[in-house]
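Novice: Just so it is clear, I am handing over protein.pdb, which has PDB, C-alpha atoms.
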ATOM      1  CA  MET S   1    -124.960-140.398-132.694  1.00  0.00           C
ATOM      2  CA  THR S   2    -124.803-141.810-129.168  1.00  0.00           C
ATOM      3  CA  GLU S   3    -126.187-139.877-126.199  1.00  0.00           C
ATOM      4  CA  THR S   4    -122.684-139.448-124.773  1.00  0.00           C
ATOM      5  CA  LYS S   5    -121.458-137.775-127.953  1.00  0.00           C
ATOM      6  CA  SER S   6    -124.594-135.645-128.114  1.00  0.00           C
ATOM      7  CA  GLN S   7    -124.081-134.415-124.545  1.00  0.00           C
ATOM      8  CA  LEU S   8    -120.376-133.740-125.099  1.00  0.00           C
ATOM      9  CA  ARG S   9    -121.216-131.416-127.972  1.00  0.00           C
ATOM     10  CA  LYS S  10    -123.180-129.218-125.557  1.00  0.00           C
ATOM     11  CA  LEU S  11    -120.079-128.372-123.520  1.00  0.00           C
ATOM     12  CA  ASP S  12    -118.941-124.774-123.950  1.00  0.00           C
ATOM     13  CA  PHE S  13    -115.396-125.725-124.927  1.00  0.00           C
ATOM     14  CA  TRP S  14    -116.266-128.535-127.358  1.00  0.00           C
ATOM     15  CA  ASP S  15    -115.951-126.508-130.570  1.00  0.00           C
ATOM     16  CA  HIS S  16    -112.501-125.339-129.449  1.00  0.00           C
ATOM     17  CA  LEU S  17    -111.060-128.837-129.181  1.00  0.00           C
ATOM     18  CA  THR S  18    -108.826-130.245-131.880  1.00  0.00           C
ATOM     19  CA  ASP S  19    -110.019-133.338-133.725  1.00  0.00           C
ATOM     20  CA  PRO S  20    -107.587-135.612-131.804  1.00  0.00           C
ATOM     21  CA  GLU S  21    -108.797-134.081-128.517  1.00  0.00           C
ATOM     22  CA  LYS S  22    -112.427-134.694-129.453  1.00  0.00           C
ATOM     23  CA  LYS S  23    -111.686-138.301-130.333  1.00  0.00           C
ATOM     24  CA  SER S  24    -109.864-138.915-127.050  1.00  0.00           C
ATOM     25  CA  VAL S  25    -112.769-137.431-125.056  1.00  0.00           C
ATOM     26  CA  GLU S  26    -115.387-139.374-127.019  1.00  0.00           C
ATOM     27  CA  HIS S  27    -113.421-142.567-126.462  1.00  0.00           C
ATOM     28  CA  ILE S  28    -113.278-142.291-122.670  1.00  0.00           C
ATOM     29  CA  ALA S  29    -116.288-140.171-121.591  1.00  0.00           C
ATOM     30  CA  MET S  30    -119.218-142.076-120.140  1.00  0.00           C
ATOM     31  CA  ILE S  31    -122.716-141.665-118.748  1.00  0.00           C
ATOM     32  CA  ARG S  32    -123.387-143.422-115.459  1.00  0.00           C
ATOM     33  CA  GLU S  33    -126.582-143.893-113.521  1.00  0.00           C
ATOM     34  CA  TYR S  34    -126.567-143.546-109.733  1.00  0.00           C
ATOM     35  CA  ARG S  35    -129.174-144.363-107.131  1.00  0.00           C
ATOM     36  CA  LYS S  36    -130.254-141.872-104.494  1.00  0.00           C
ATOM     37  CA  GLY S  37    -127.834-141.943-101.572  1.00  0.00           C
ATOM     38  CA  SER S  38    -124.889-143.188-103.631  1.00  0.00           C
ATOM     39  CA  ILE S  39    -121.541-141.522-103.051  1.00  0.00           C
ATOM     40  CA  LEU S  40    -120.282-139.762-106.167  1.00  0.00           C
ATOM     41  CA  HIS S  41    -117.051-138.571-104.593  1.00  0.00           C
ATOM     42  CA  ALA S  42    -115.533-139.472-101.216  1.00  0.00           C
ATOM     43  CA  LEU S  43    -112.405-138.366 -99.385  1.00  0.00           C
ATOM     44  CA  GLU S  44    -110.662-141.652-100.101  1.00  0.00           C
ATOM     45  CA  GLY S  45    -112.239-142.077-103.520  1.00  0.00           C
ATOM     46  CA  ASP S  46    -110.777-141.880-106.983  1.00  0.00           C
ATOM     47  CA  CYS S  47    -110.136-138.557-108.653  1.00  0.00           C
ATOM     48  CA  LEU S  48    -113.225-138.751-110.847  1.00  0.00           C
ATOM     49  CA  GLY S  49    -112.996-135.892-113.351  1.00  0.00           C
ATOM     50  CA  LEU S  50    -115.413-133.365-114.829  1.00  0.00           C
ATOM     51  CA  VAL S  51    -119.017-134.265-114.061  1.00  0.00           C
ATOM     52  CA  VAL S  52    -122.186-132.961-115.700  1.00  0.00           C
ATOM     53  CA  VAL S  53    -125.552-133.702-114.100  1.00  0.00           C
ATOM     54  CA  LEU S  54    -127.885-134.780-116.903  1.00  0.00           C
ATOM     55  CA  ALA S  55    -130.724-135.633-114.527  1.00  0.00           C
ATOM     56  CA  GLY S  56    -131.034-135.579-110.771  1.00  0.00           C
ATOM     57  CA  SER S  57    -129.199-133.659-108.074  1.00  0.00           C
ATOM     58  CA  VAL S  58    -125.902-133.844-106.165  1.00  0.00           C
ATOM     59  CA  ARG S  59    -125.051-132.390-102.748  1.00  0.00           C
ATOM     60  CA  ALA S  60    -121.471-131.367-101.971  1.00  0.00           C
ATOM     61  CA  PHE S  61    -120.481-131.322 -98.316  1.00  0.00           C
ATOM     62  CA  MET S  62    -117.639-131.442 -95.819  1.00  0.00           C
ATOM     63  CA  THR S  63    -117.550-133.393 -92.575  1.00  0.00           C
ATOM     64  CA  SER S  64    -116.239-131.919 -89.327  1.00  0.00           C
ATOM     65  CA  GLU S  65    -114.024-133.822 -86.915  1.00  0.00           C
ATOM     66  CA  GLU S  66    -117.151-134.442 -84.818  1.00  0.00           C
ATOM     67  CA  GLY S  67    -118.836-136.074 -87.815  1.00  0.00           C
ATOM     68  CA  ARG S  68    -121.245-133.230 -88.571  1.00  0.00           C
ATOM     69  CA  GLU S  69    -121.942-132.597 -92.257  1.00  0.00           C
ATOM     70  CA  ILE S  70    -121.705-129.060 -93.614  1.00  0.00           C
ATOM     71  CA  THR S  71    -123.563-128.607 -96.901  1.00  0.00           C
ATOM     72  CA  LEU S  72    -121.526-126.488 -99.326  1.00  0.00           C
ATOM     73  CA  TYR S  73    -123.688-126.401-102.451  1.00  0.00           C
ATOM     74  CA  HIS S  74    -125.933-128.408-104.757  1.00  0.00           C
ATOM     75  CA  ILE S  75    -125.456-129.351-108.423  1.00  0.00           C
ATOM     76  CA  GLY S  76    -128.656-129.651-110.409  1.00  0.00           C
ATOM     77  CA  GLU S  77    -129.641-130.763-113.880  1.00  0.00           C
ATOM     78  CA  GLY S  78    -127.451-129.223-116.578  1.00  0.00           C
ATOM     79  CA  GLU S  79    -124.779-128.065-114.113  1.00  0.00           C
ATOM     80  CA  CYS S  80    -121.116-129.078-113.959  1.00  0.00           C
ATOM     81  CA  ASP S  81    -118.552-129.608-111.258  1.00  0.00           C
ATOM     82  CA  VAL S  82    -114.794-130.108-111.254  1.00  0.00           C
ATOM     83  CA  LEU S  83    -114.029-130.518-107.553  1.00  0.00           C
ATOM     84  CA  THR S  84    -114.308-134.254-108.278  1.00  0.00           C
ATOM     85  CA  ALA S  85    -111.076-133.714-110.246  1.00  0.00           C
ATOM     86  CA  ALA S  86    -109.195-132.186-107.325  1.00  0.00           C
ATOM     87  CA  CYS S  87    -106.076-134.238-108.080  1.00  0.00           C
ATOM     88  CA  ILE S  88    -105.381-132.029-111.123  1.00  0.00           C
ATOM     89  CA  LEU S  89    -106.464-128.803-109.409  1.00  0.00           C
ATOM     90  CA  TYR S  90    -103.462-127.948-107.311  1.00  0.00           C
ATOM     91  CA  GLN S  91    -105.121-124.812-105.913  1.00  0.00           C
ATOM     92  CA  ILE S  92    -107.671-126.929-104.018  1.00  0.00           C
ATOM     93  CA  THR S  93    -106.700-127.263-100.363  1.00  0.00           C
ATOM     94  CA  PHE S  94    -109.863-128.702 -98.818  1.00  0.00           C
ATOM     95  CA  ASP S  95    -111.690-131.974 -99.302  1.00  0.00           C
ATOM     96  CA  THR S  96    -115.302-132.263-100.344  1.00  0.00           C
ATOM     97  CA  GLN S  97    -117.616-135.229-100.597  1.00  0.00           C
ATOM     98  CA  MET S  98    -120.589-135.612-102.917  1.00  0.00           C
ATOM     99  CA  VAL S  99    -123.745-137.656-102.534  1.00  0.00           C
ATOM    100  CA  LEU S 100    -126.680-138.215-104.879  1.00  0.00           C
ATOM    101  CA  GLU S 101    -129.861-136.577-103.554  1.00  0.00           C
ATOM    102  CA  GLU S 102    -132.036-138.509-105.990  1.00  0.00           C
ATOM    103  CA  ASP S 103    -131.649-141.054-108.758  1.00  0.00           C
ATOM    104  CA  SER S 104    -129.334-139.367-111.229  1.00  0.00           C
ATOM    105  CA  ARG S 105    -127.569-139.678-114.560  1.00  0.00           C
ATOM    106  CA  ILE S 106    -124.067-138.198-114.735  1.00  0.00           C
ATOM    107  CA  LEU S 107    -121.793-137.495-117.700  1.00  0.00           C
ATOM    108  CA  ILE S 108    -118.147-137.991-116.694  1.00  0.00           C
ATOM    109  CA  ILE S 109    -114.945-136.935-118.447  1.00  0.00           C
ATOM    110  CA  PRO S 110    -112.266-138.818-116.471  1.00  0.00           C
ATOM    111  CA  THR S 111    -109.152-137.057-115.213  1.00  0.00           C
ATOM    112  CA  SER S 112    -106.979-139.287-117.402  1.00  0.00           C
ATOM    113  CA  VAL S 113    -107.988-137.143-120.390  1.00  0.00           C
ATOM    114  CA  LEU S 114    -109.139-133.994-118.565  1.00  0.00           C
ATOM    115  CA  ALA S 115    -105.638-133.373-117.186  1.00  0.00           C
ATOM    116  CA  GLY S 116    -104.175-133.203-120.681  1.00  0.00           C
ATOM    117  CA  LEU S 117    -106.956-130.933-121.936  1.00  0.00           C
ATOM    118  CA  LYS S 118    -106.439-128.589-118.984  1.00  0.00           C
ATOM    119  CA  GLN S 119    -102.714-128.463-119.657  1.00  0.00           C
ATOM    120  CA  ASN S 120    -102.846-127.971-123.426  1.00  0.00           C
ATOM    121  CA  ASN S 121    -106.147-126.248-124.256  1.00  0.00           C
ATOM    122  CA  ILE S 122    -106.752-122.753-122.913  1.00  0.00           C
ATOM    123  CA  TYR S 123    -110.497-123.006-123.541  1.00  0.00           C
ATOM    124  CA  VAL S 124    -110.788-126.079-121.340  1.00  0.00           C
ATOM    125  CA  ARG S 125    -108.620-124.424-118.698  1.00  0.00           C
ATOM    126  CA  SER S 126    -110.808-121.309-118.747  1.00  0.00           C
ATOM    127  CA  PHE S 127    -113.937-123.457-118.499  1.00  0.00           C
ATOM    128  CA  ILE S 128    -112.563-125.294-115.467  1.00  0.00           C
ATOM    129  CA  TYR S 129    -111.619-122.094-113.662  1.00  0.00           C
ATOM    130  CA  GLU S 130    -115.000-120.553-114.438  1.00  0.00           C
ATOM    131  CA  ILE S 131    -116.716-123.543-112.828  1.00  0.00           C
ATOM    132  CA  LEU S 132    -114.338-123.295-109.868  1.00  0.00           C
ATOM    133  CA  THR S 133    -115.233-119.627-109.449  1.00  0.00           C
ATOM    134  CA  GLU S 134    -118.934-120.470-109.360  1.00  0.00           C
ATOM    135  CA  ARG S 135    -118.415-123.239-106.799  1.00  0.00           C
ATOM    136  CA  PHE S 136    -116.265-121.104-104.512  1.00  0.00           C
ATOM    137  CA  SER S 137    -118.915-118.395-104.738  1.00  0.00           C
ATOM    138  CA  ASP S 138    -121.404-121.015-103.522  1.00  0.00           C
ATOM    139  CA  VAL S 139    -119.059-121.951-100.681  1.00  0.00           C
ATOM    140  CA  MET S 140    -118.593-118.308 -99.651  1.00  0.00           C
ATOM    141  CA  TRP S 141    -122.375-117.869 -99.636  1.00  0.00           C
ATOM    142  CA  THR S 142    -122.641-120.830 -97.286  1.00  0.00           C
ATOM    143  CA  ILE S 143    -120.004-119.344 -95.000  1.00  0.00           C
ATOM    144  CA  GLN S 144    -121.858-116.023 -95.057  1.00  0.00           C
ATOM    145  CA  GLN S 145    -125.048-117.786 -93.957  1.00  0.00           C
ATOM    146  CA  ILE S 146    -123.298-119.461 -91.040  1.00  0.00           C
ATOM    147  CA  LEU S 147    -121.452-116.354 -89.866  1.00  0.00           C
ATOM    148  CA  PHE S 148    -123.952-113.561 -90.351  1.00  0.00           C
ATOM    149  CA  TYR S 149    -127.486-114.958 -90.213  1.00  0.00           C
ATOM    150  CA  GLY S 150    -129.338-116.427 -87.252  1.00  0.00           C
ATOM    151  CA  ILE S 151    -130.687-119.964 -87.219  1.00  0.00           C
ATOM    152  CA  ASP S 152    -134.281-118.710 -87.136  1.00  0.00           C
ATOM    153  CA  GLN S 153    -133.664-116.673 -90.301  1.00  0.00           C
ATOM    154  CA  ARG S 154    -132.119-119.661 -92.053  1.00  0.00           C
ATOM    155  CA  VAL S 155    -134.954-121.973 -91.041  1.00  0.00           C
ATOM    156  CA  ALA S 156    -137.571-119.461 -92.217  1.00  0.00           C
ATOM    157  CA  ALA S 157    -135.755-118.957 -95.523  1.00  0.00           C
ATOM    158  CA  TYR S 158    -135.499-122.697 -96.066  1.00  0.00           C
ATOM    159  CA  LEU S 159    -139.231-123.154 -95.485  1.00  0.00           C
ATOM    160  CA  ILE S 160    -140.071-120.392 -97.964  1.00  0.00           C
ATOM    161  CA  ASN S 161    -137.676-121.601-100.642  1.00  0.00           C
ATOM    162  CA  HIS S 162    -138.651-125.267-100.387  1.00  0.00           C
ATOM    163  CA  SER S 163    -142.417-124.985-100.078  1.00  0.00           C
ATOM    164  CA  GLU S 164    -144.806-126.267-102.728  1.00  0.00           C
ATOM    165  CA  ASN S 165    -148.290-124.817-102.402  1.00  0.00           C
ATOM    166  CA  GLY S 166    -147.411-123.824 -98.871  1.00  0.00           C
ATOM    167  CA  VAL S 167    -146.195-127.269 -97.821  1.00  0.00           C
ATOM    168  CA  VAL S 168    -142.598-128.276 -97.025  1.00  0.00           C
ATOM    169  CA  ARG S 169    -141.949-132.016 -97.060  1.00  0.00           C
ATOM    170  CA  ALA S 170    -138.778-132.435 -95.029  1.00  0.00           C
ATOM    171  CA  THR S 171    -137.709-133.768 -91.672  1.00  0.00           C
ATOM    172  CA  HIS S 172    -135.973-131.667 -89.044  1.00  0.00           C
ATOM    173  CA  GLU S 173    -132.807-133.647 -89.781  1.00  0.00           C
ATOM    174  CA  GLN S 174    -132.968-132.785 -93.486  1.00  0.00           C
ATOM    175  CA  ILE S 175    -133.518-129.095 -92.784  1.00  0.00           C
ATOM    176  CA  ALA S 176    -130.665-129.033 -90.269  1.00  0.00           C
ATOM    177  CA  ARG S 177    -128.324-130.612 -92.797  1.00  0.00           C
ATOM    178  CA  GLU S 178    -129.219-128.057 -95.447  1.00  0.00           C
ATOM    179  CA  ILE S 179    -128.812-124.968 -93.245  1.00  0.00           C
ATOM    180  CA  ASN S 180    -125.778-126.339 -91.390  1.00  0.00           C
ATOM    181  CA  SER S 181    -127.322-126.642 -87.962  1.00  0.00           C
ATOM    182  CA  VAL S 182    -128.393-129.536 -85.743  1.00  0.00           C
ATOM    183  CA  ARG S 183    -131.762-131.289 -85.573  1.00  0.00           C
ATOM    184  CA  GLU S 184    -132.518-130.252 -81.977  1.00  0.00           C
ATOM    185  CA  VAL S 185    -132.109-126.558 -82.748  1.00  0.00           C
ATOM    186  CA  VAL S 186    -134.247-126.765 -85.897  1.00  0.00           C
ATOM    187  CA  ALA S 187    -136.944-128.661 -83.998  1.00  0.00           C
ATOM    188  CA  ARG S 188    -137.007-125.992 -81.301  1.00  0.00           C
ATOM    189  CA  ILE S 189    -137.360-123.147 -83.816  1.00  0.00           C
ATOM    190  CA  ILE S 190    -140.107-124.883 -85.806  1.00  0.00           C
ATOM    191  CA  ARG S 191    -141.925-125.641 -82.569  1.00  0.00           C
ATOM    192  CA  ARG S 192    -141.773-121.934 -81.719  1.00  0.00           C
ATOM    193  CA  PHE S 193    -143.040-121.023 -85.197  1.00  0.00           C
ATOM    194  CA  ALA S 194    -145.943-123.433 -84.620  1.00  0.00           C
ATOM    195  CA  GLU S 195    -146.747-121.925 -81.229  1.00  0.00           C
ATOM    196  CA  ASP S 196    -146.795-118.478 -82.853  1.00  0.00           C
ATOM    197  CA  GLY S 197    -149.191-119.679 -85.557  1.00  0.00           C
ATOM    198  CA  ILE S 198    -146.670-119.205 -88.371  1.00  0.00           C
ATOM    199  CA  VAL S 199    -146.570-122.887 -89.349  1.00  0.00           C
ATOM    200  CA  GLU S 200    -148.430-126.101 -88.680  1.00  0.00           C
ATOM    201  CA  THR S 201    -146.496-129.336 -88.305  1.00  0.00           C
ATOM    202  CA  GLY S 202    -147.210-132.922 -89.260  1.00  0.00           C
ATOM    203  CA  ARG S 203    -145.319-136.114 -90.027  1.00  0.00           C
ATOM    204  CA  SER S 204    -142.371-135.103 -92.239  1.00  0.00           C
ATOM    205  CA  ARG S 205    -144.313-132.066 -93.441  1.00  0.00           C
ATOM    206  CA  ILE S 206    -144.617-128.433 -92.432  1.00  0.00           C
ATOM    207  CA  VAL S 207    -147.495-126.239 -93.592  1.00  0.00           C
ATOM    208  CA  ILE S 208    -146.875-122.504 -93.834  1.00  0.00           C
ATOM    209  CA  ALA S 209    -149.854-120.893 -92.111  1.00  0.00           C
ATOM    210  CA  ASP S 210    -148.704-117.257 -92.227  1.00  0.00           C
ATOM    211  CA  ARG S 211    -146.321-116.586 -95.082  1.00  0.00           C
ATOM    212  CA  ASP S 212    -146.043-112.843 -94.389  1.00  0.00           C
ATOM    213  CA  ARG S 213    -144.861-113.412 -90.831  1.00  0.00           C
ATOM    214  CA  LEU S 214    -142.441-116.069 -92.035  1.00  0.00           C
ATOM    215  CA  TYR S 215    -141.017-113.578 -94.553  1.00  0.00           C
ATOM    216  CA  ALA S 216    -140.653-111.072 -91.714  1.00  0.00           C
ATOM    217  CA  VAL S 217    -138.495-113.533 -89.792  1.00  0.00           C
ATOM    218  CA  THR S 218    -136.047-113.791 -92.689  1.00  0.00           C
ATOM    219  CA  GLU S 219    -135.478-110.016 -92.685  1.00  0.00           C
ATOM    220  CA  ASP S 220    -135.172-110.185 -96.468  1.00  0.00           C
ATOM    221  CA  PHE S 221    -132.584-112.959 -96.279  1.00  0.00           C
ATOM    222  CA  LEU S 222    -133.409-115.875 -98.593  1.00  0.00           C
ATOM    223  CA  ILE S 223    -131.164-118.862 -99.189  1.00  0.00           C
ATOM    224  CA  ALA S 224    -129.942-118.835-102.788  1.00  0.00           C
TER     225      ALA S 224
END
Please rewrite the model in this file as structure tokens.
Specialist:
Amino acid sequence: MTETKSQLRKLDFWDHLTDPEKKSVEHIAMIREYRKGSILHALEGDCLGLVVVLAGSVRAFMTSEEGREITLYHIGEGECDVLTAACILYQITFDTQMVLEEDSRILIIPTSVLAGLKQNNIYVRSFIYEILTERFSDVMWTIQQILFYGIDQRVAAYLINHSENGVVRATHEQIAREINSVREVVARIIRRFAEDGIVETGRSRIVIADRDRLYAVTEDFLIA
């Protein structure tokens, strides 16, 4: 059995497909490898289909008219997304883009077969809408962060959630992109944290010096 067929059998709806449906999916599904920084889905790009991250990580984002990126959510190993099949999801009214955060391997079921499955198989349709619900929940969480939590809280939460042994390896630009702010604001807040003895800064790394005080800044808000 090929790896593609093996991975397809792990999908929740697979056992509910008819034999002809399984054959059509097996015939067209593929596993692709992408390098870090590659665009998985762009505004002008093809309507890709259902994607499953087998290894690696994908970041979904929107771009404002001023060119600023707003991170919506991330898709990690074992997770699926269907916003890359927006052409068959008529309820979708906003455009997202997706970029590979690291070298990745992606299972793809193209829209040429996914559209028919969605139309004719209630289990596939339910699966798609369940994934959509999860993604829109992620988007609403992002909006909640922007509207109701201060930048200092979001920076502190990011540092806590992305530290390994008390060290965060990220630039101010990377942090700003993840918490939907700008580099200058993030730099100012981290500089203040350093002056207060909460963190220590270095080249592309931030050391948490006082985790309790950093937790206090978040006021129990932690980025999911």
Novice: Considering only C-alpha atoms, return as number ranges by chain whatever protein or nucleic-acid residues lie within 8 Å of S:Val199, sequence-local ones (same chain, fewer than 6 positions apart) excluded.
Specialist: S: 190, 193, 206-210
Novice: Deliver the residues from the most recent selection as a file, using C-alpha atoms, as a short mmCIF file (atom, residue, chain, number, x, y, z; two decimals), in the coordinates of the input.
Specialist:
data_model
loop_
_atom_site.label_atom_id
_atom_site.label_comp_id
_atom_site.auth_asym_id
_atom_site.auth_seq_id
_atom_site.Cartn_x
_atom_site.Cartn_y
_atom_site.Cartn_z
CA ILE S 190 -140.11 -124.88 -85.81
CA PHE S 193 -143.04 -121.02 -85.20
CA ILE S 206 -144.62 -128.43 -92.43
CA VAL S 207 -147.50 -126.24 -93.59
CA ILE S 208 -146.88 -122.50 -93.83
CA ALA S 209 -149.85 -120.89 -92.11
CA ASP S 210 -148.70 -117.26 -92.23
#
Novice: For a quick check of understanding, using only C-alpha atoms, which of S:Arg211, S:Ala29, S:Asn165, S:Glu69 has the smallest distance to S:Ser6?
Specialist: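 That would be S:Ala29, the residue with the smallest distance to S:Ser6.
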Novice: Which residues are near S:Asp12? Cut-off 9 Å, only C-alpha atoms, ignore same chain within fewer than 5 positions. Put them as a list of chain:residue names.
Specialist: S:Tyr123, S:Val124, S:Phe127
Novice: Please, what distance in Å, to one decimal, runs between atom CA of S:Val58 and atom CA of S:Glu77?
Specialist: 9.1 Å
Novice: Smallest atom-to-atom distance to S:Lys10: which of S:Ile39, S:Ile131, S:Leu147, S:Cys80, using all atoms listed in the file?
Specialist: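 Closest to S:Lys10 of all the choices is S:Cys80.
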Novice: Taking 3 positions as the minimum chain separation for residues in the same chain, which residues sit within 7 Å of S:Val52 when counting all atoms listed in the file? Answer as a list in words.
Specialist: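 These residues fall inside the cut-off: Gly78, Glu79, Cys80, Asp81, Ile106, Leu107 and Ile108 of chain S.
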Novice: For the residues selected in the previous step, produce a file with C-alpha atoms as a PDB file, in the coordinates of the input.
Specialist:
ATOM      1  CA  GLY S  78    -127.451-129.223-116.578  1.00  0.00           C
ATOM      2  CA  GLU S  79    -124.779-128.065-114.113  1.00  0.00           C
ATOM      3  CA  CYS S  80    -121.116-129.078-113.959  1.00  0.00           C
ATOM      4  CA  ASP S  81    -118.552-129.608-111.258  1.00  0.00           C
ATOM      5  CA  ILE S 106    -124.067-138.198-114.735  1.00  0.00           C
ATOM      6  CA  LEU S 107    -121.793-137.495-117.700  1.00  0.00           C
ATOM      7  CA  ILE S 108    -118.147-137.991-116.694  1.00  0.00           C
TER       8      ILE S 108
END
Novice: With distances taken over all atoms listed in the file, which residue among S:Ser163, S:Ser126, S:Ser112, S:Ser24 lies nearest S:Cys87?
Specialist: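 Among S:Ser163, S:Ser126, S:Ser112, S:Ser24, it is S:Ser112 that comes nearest to S:Cys87.
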Novice: Per residue of stretch 53-91 of chain S within 10 Å of stretch 167-182 of chain S, which atom pair is closest and at what distance in Å (one decimal), using all atoms listed in the file, listed by chain and increasing number, as a tab-separated table?
Specialist:
residue	atom	partner	partner_atom	distance
S:Arg59	CA	S:Glu178	CA	9.5
S:Phe61	CA	S:Arg177	CA	9.6
S:Arg68	CA	S:Val182	CA	8.5
S:Glu69	CA	S:Arg177	CA	6.7
S:Ile70	CA	S:Asn180	CA	5.4
S:Thr71	CA	S:Glu178	CA	5.9
S:Leu72	CA	S:Glu178	CA	8.8
S:Tyr73	CA	S:Glu178	CA	9.1
S:His74	CA	S:Glu178	CA	9.9
Novice: Hey, what's within 10 Å of S:Lys5 if we count all atoms listed in the file and toss same-chain stuff fewer than 2 positions away? As a ChimeraX atom specification, please?
Specialist: /S:1-3,7-10,22,25-27,29-30
Novice: To verify the selection step, state as a PyMOL selection string which residues the PyMOL selection byres ((chain S and resi 217-219) around 12) yields on this input.
Specialist: chain S and resi 145+149-161+189+193+196+198+210-216+220-223
Novice: Any chance you can output those residues with C-alpha atoms as a PDB file, in the coordinates of the input?
Specialist:
ATOM      1  CA  GLN S 145    -125.048-117.786 -93.957  1.00  0.00           C
ATOM      2  CA  TYR S 149    -127.486-114.958 -90.213  1.00  0.00           C
ATOM      3  CA  GLY S 150    -129.338-116.427 -87.252  1.00  0.00           C
ATOM      4  CA  ILE S 151    -130.687-119.964 -87.219  1.00  0.00           C
ATOM      5  CA  ASP S 152    -134.281-118.710 -87.136  1.00  0.00           C
ATOM      6  CA  GLN S 153    -133.664-116.673 -90.301  1.00  0.00           C
ATOM      7  CA  ARG S 154    -132.119-119.661 -92.053  1.00  0.00           C
ATOM      8  CA  VAL S 155    -134.954-121.973 -91.041  1.00  0.00           C
ATOM      9  CA  ALA S 156    -137.571-119.461 -92.217  1.00  0.00           C
ATOM     10  CA  ALA S 157    -135.755-118.957 -95.523  1.00  0.00           C
ATOM     11  CA  TYR S 158    -135.499-122.697 -96.066  1.00  0.00           C
ATOM     12  CA  LEU S 159    -139.231-123.154 -95.485  1.00  0.00           C
ATOM     13  CA  ILE S 160    -140.071-120.392 -97.964  1.00  0.00           C
ATOM     14  CA  ASN S 161    -137.676-121.601-100.642  1.00  0.00           C
ATOM     15  CA  ILE S 189    -137.360-123.147 -83.816  1.00  0.00           C
ATOM     16  CA  PHE S 193    -143.040-121.023 -85.197  1.00  0.00           C
ATOM     17  CA  ASP S 196    -146.795-118.478 -82.853  1.00  0.00           C
ATOM     18  CA  ILE S 198    -146.670-119.205 -88.371  1.00  0.00           C
ATOM     19  CA  ASP S 210    -148.704-117.257 -92.227  1.00  0.00           C
ATOM     20  CA  ARG S 211    -146.321-116.586 -95.082  1.00  0.00           C
ATOM     21  CA  ASP S 212    -146.043-112.843 -94.389  1.00  0.00           C
ATOM     22  CA  ARG S 213    -144.861-113.412 -90.831  1.00  0.00           C
ATOM     23  CA  LEU S 214    -142.441-116.069 -92.035  1.00  0.00           C
ATOM     24  CA  TYR S 215    -141.017-113.578 -94.553  1.00  0.00           C
ATOM     25  CA  ALA S 216    -140.653-111.072 -91.714  1.00  0.00           C
ATOM     26  CA  ASP S 220    -135.172-110.185 -96.468  1.00  0.00           C
ATOM     27  CA  PHE S 221    -132.584-112.959 -96.279  1.00  0.00           C
ATOM     28  CA  LEU S 222    -133.409-115.875 -98.593  1.00  0.00           C
ATOM     29  CA  ILE S 223    -131.164-118.862 -99.189  1.00  0.00           C
TER      30      ILE S 223
END
Novice: Can you turn the PyMOL selection byres ((chain S and resi 115) around 12) into a concrete residue list for this file, as an MDAnalysis selection string?
Specialist: chainID S and resid 21 25 47:50 82 85:90 109:114 116:121 124:125 128
Novice: Give me, please, the distance in Å between atom CA of S:His41 and atom CA of S:Met98, quoted to one decimal.
Specialist: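 Pair atom CA of S:His41 / atom CA of S:Met98 returns 4.9 Å.
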Novice: In Å, rounded to a single decimal, give me how far atom CA of S:Thr84 is from atom CA of S:Asp15.
Specialist: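 Between these atoms lies a distance of 23.7 Å.
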Novice: Hey, which of S:Leu83, S:Met62, S:Arg105, S:Leu100 ends up closest to S:Ile31? Count all atoms listed in the file.
Specialist: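 Of the candidates, the smallest distance to S:Ile31 is held by S:Arg105.
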Novice: For stretch 201-209 of chain S, supply N, CA and C atoms and format the output as a PDB file, keeping the file's coordinate frame.
Specialist:
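In the end it all went to out_35.pdb:
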ATOM      1  N   THR S 201    -147.388-128.208 -88.076  1.00  0.00           N
ATOM      2  CA  THR S 201    -146.496-129.336 -88.305  1.00  0.00           C
ATOM      3  C   THR S 201    -147.259-130.650 -88.383  1.00  0.00           C
ATOM      4  N   GLY S 202    -146.664-131.579 -89.139  1.00  0.00           N
ATOM      5  CA  GLY S 202    -147.210-132.922 -89.260  1.00  0.00           C
ATOM      6  C   GLY S 202    -146.072-133.894 -89.459  1.00  0.00           C
ATOM      7  N   ARG S 203    -146.346-135.097 -89.829  1.00  0.00           N
ATOM      8  CA  ARG S 203    -145.319-136.114 -90.027  1.00  0.00           C
ATOM      9  C   ARG S 203    -144.526-135.815 -91.294  1.00  0.00           C
ATOM     10  N   SER S 204    -143.279-135.424 -91.116  1.00  0.00           N
ATOM     11  CA  SER S 204    -142.371-135.103 -92.239  1.00  0.00           C
ATOM     12  C   SER S 204    -142.946-134.042 -93.161  1.00  0.00           C
ATOM     13  N   ARG S 205    -143.784-133.163 -92.628  1.00  0.00           N
ATOM     14  CA  ARG S 205    -144.313-132.066 -93.441  1.00  0.00           C
ATOM     15  C   ARG S 205    -144.581-130.869 -92.547  1.00  0.00           C
ATOM     16  N   ILE S 206    -144.393-129.696 -93.135  1.00  0.00           N
ATOM     17  CA  ILE S 206    -144.617-128.433 -92.432  1.00  0.00           C
ATOM     18  C   ILE S 206    -145.477-127.567 -93.339  1.00  0.00           C
ATOM     19  N   VAL S 207    -146.586-127.085 -92.825  1.00  0.00           N
ATOM     20  CA  VAL S 207    -147.495-126.239 -93.592  1.00  0.00           C
ATOM     21  C   VAL S 207    -147.290-124.791 -93.166  1.00  0.00           C
ATOM     22  N   ILE S 208    -147.040-123.929 -94.137  1.00  0.00           N
ATOM     23  CA  ILE S 208    -146.875-122.504 -93.834  1.00  0.00           C
ATOM     24  C   ILE S 208    -148.258-121.889 -93.651  1.00  0.00           C
ATOM     25  N   ALA S 209    -148.539-121.453 -92.434  1.00  0.00           N
ATOM     26  CA  ALA S 209    -149.854-120.893 -92.111  1.00  0.00           C
ATOM     27  C   ALA S 209    -149.895-119.381 -92.296  1.00  0.00           C
TER      28      ALA S 209
END
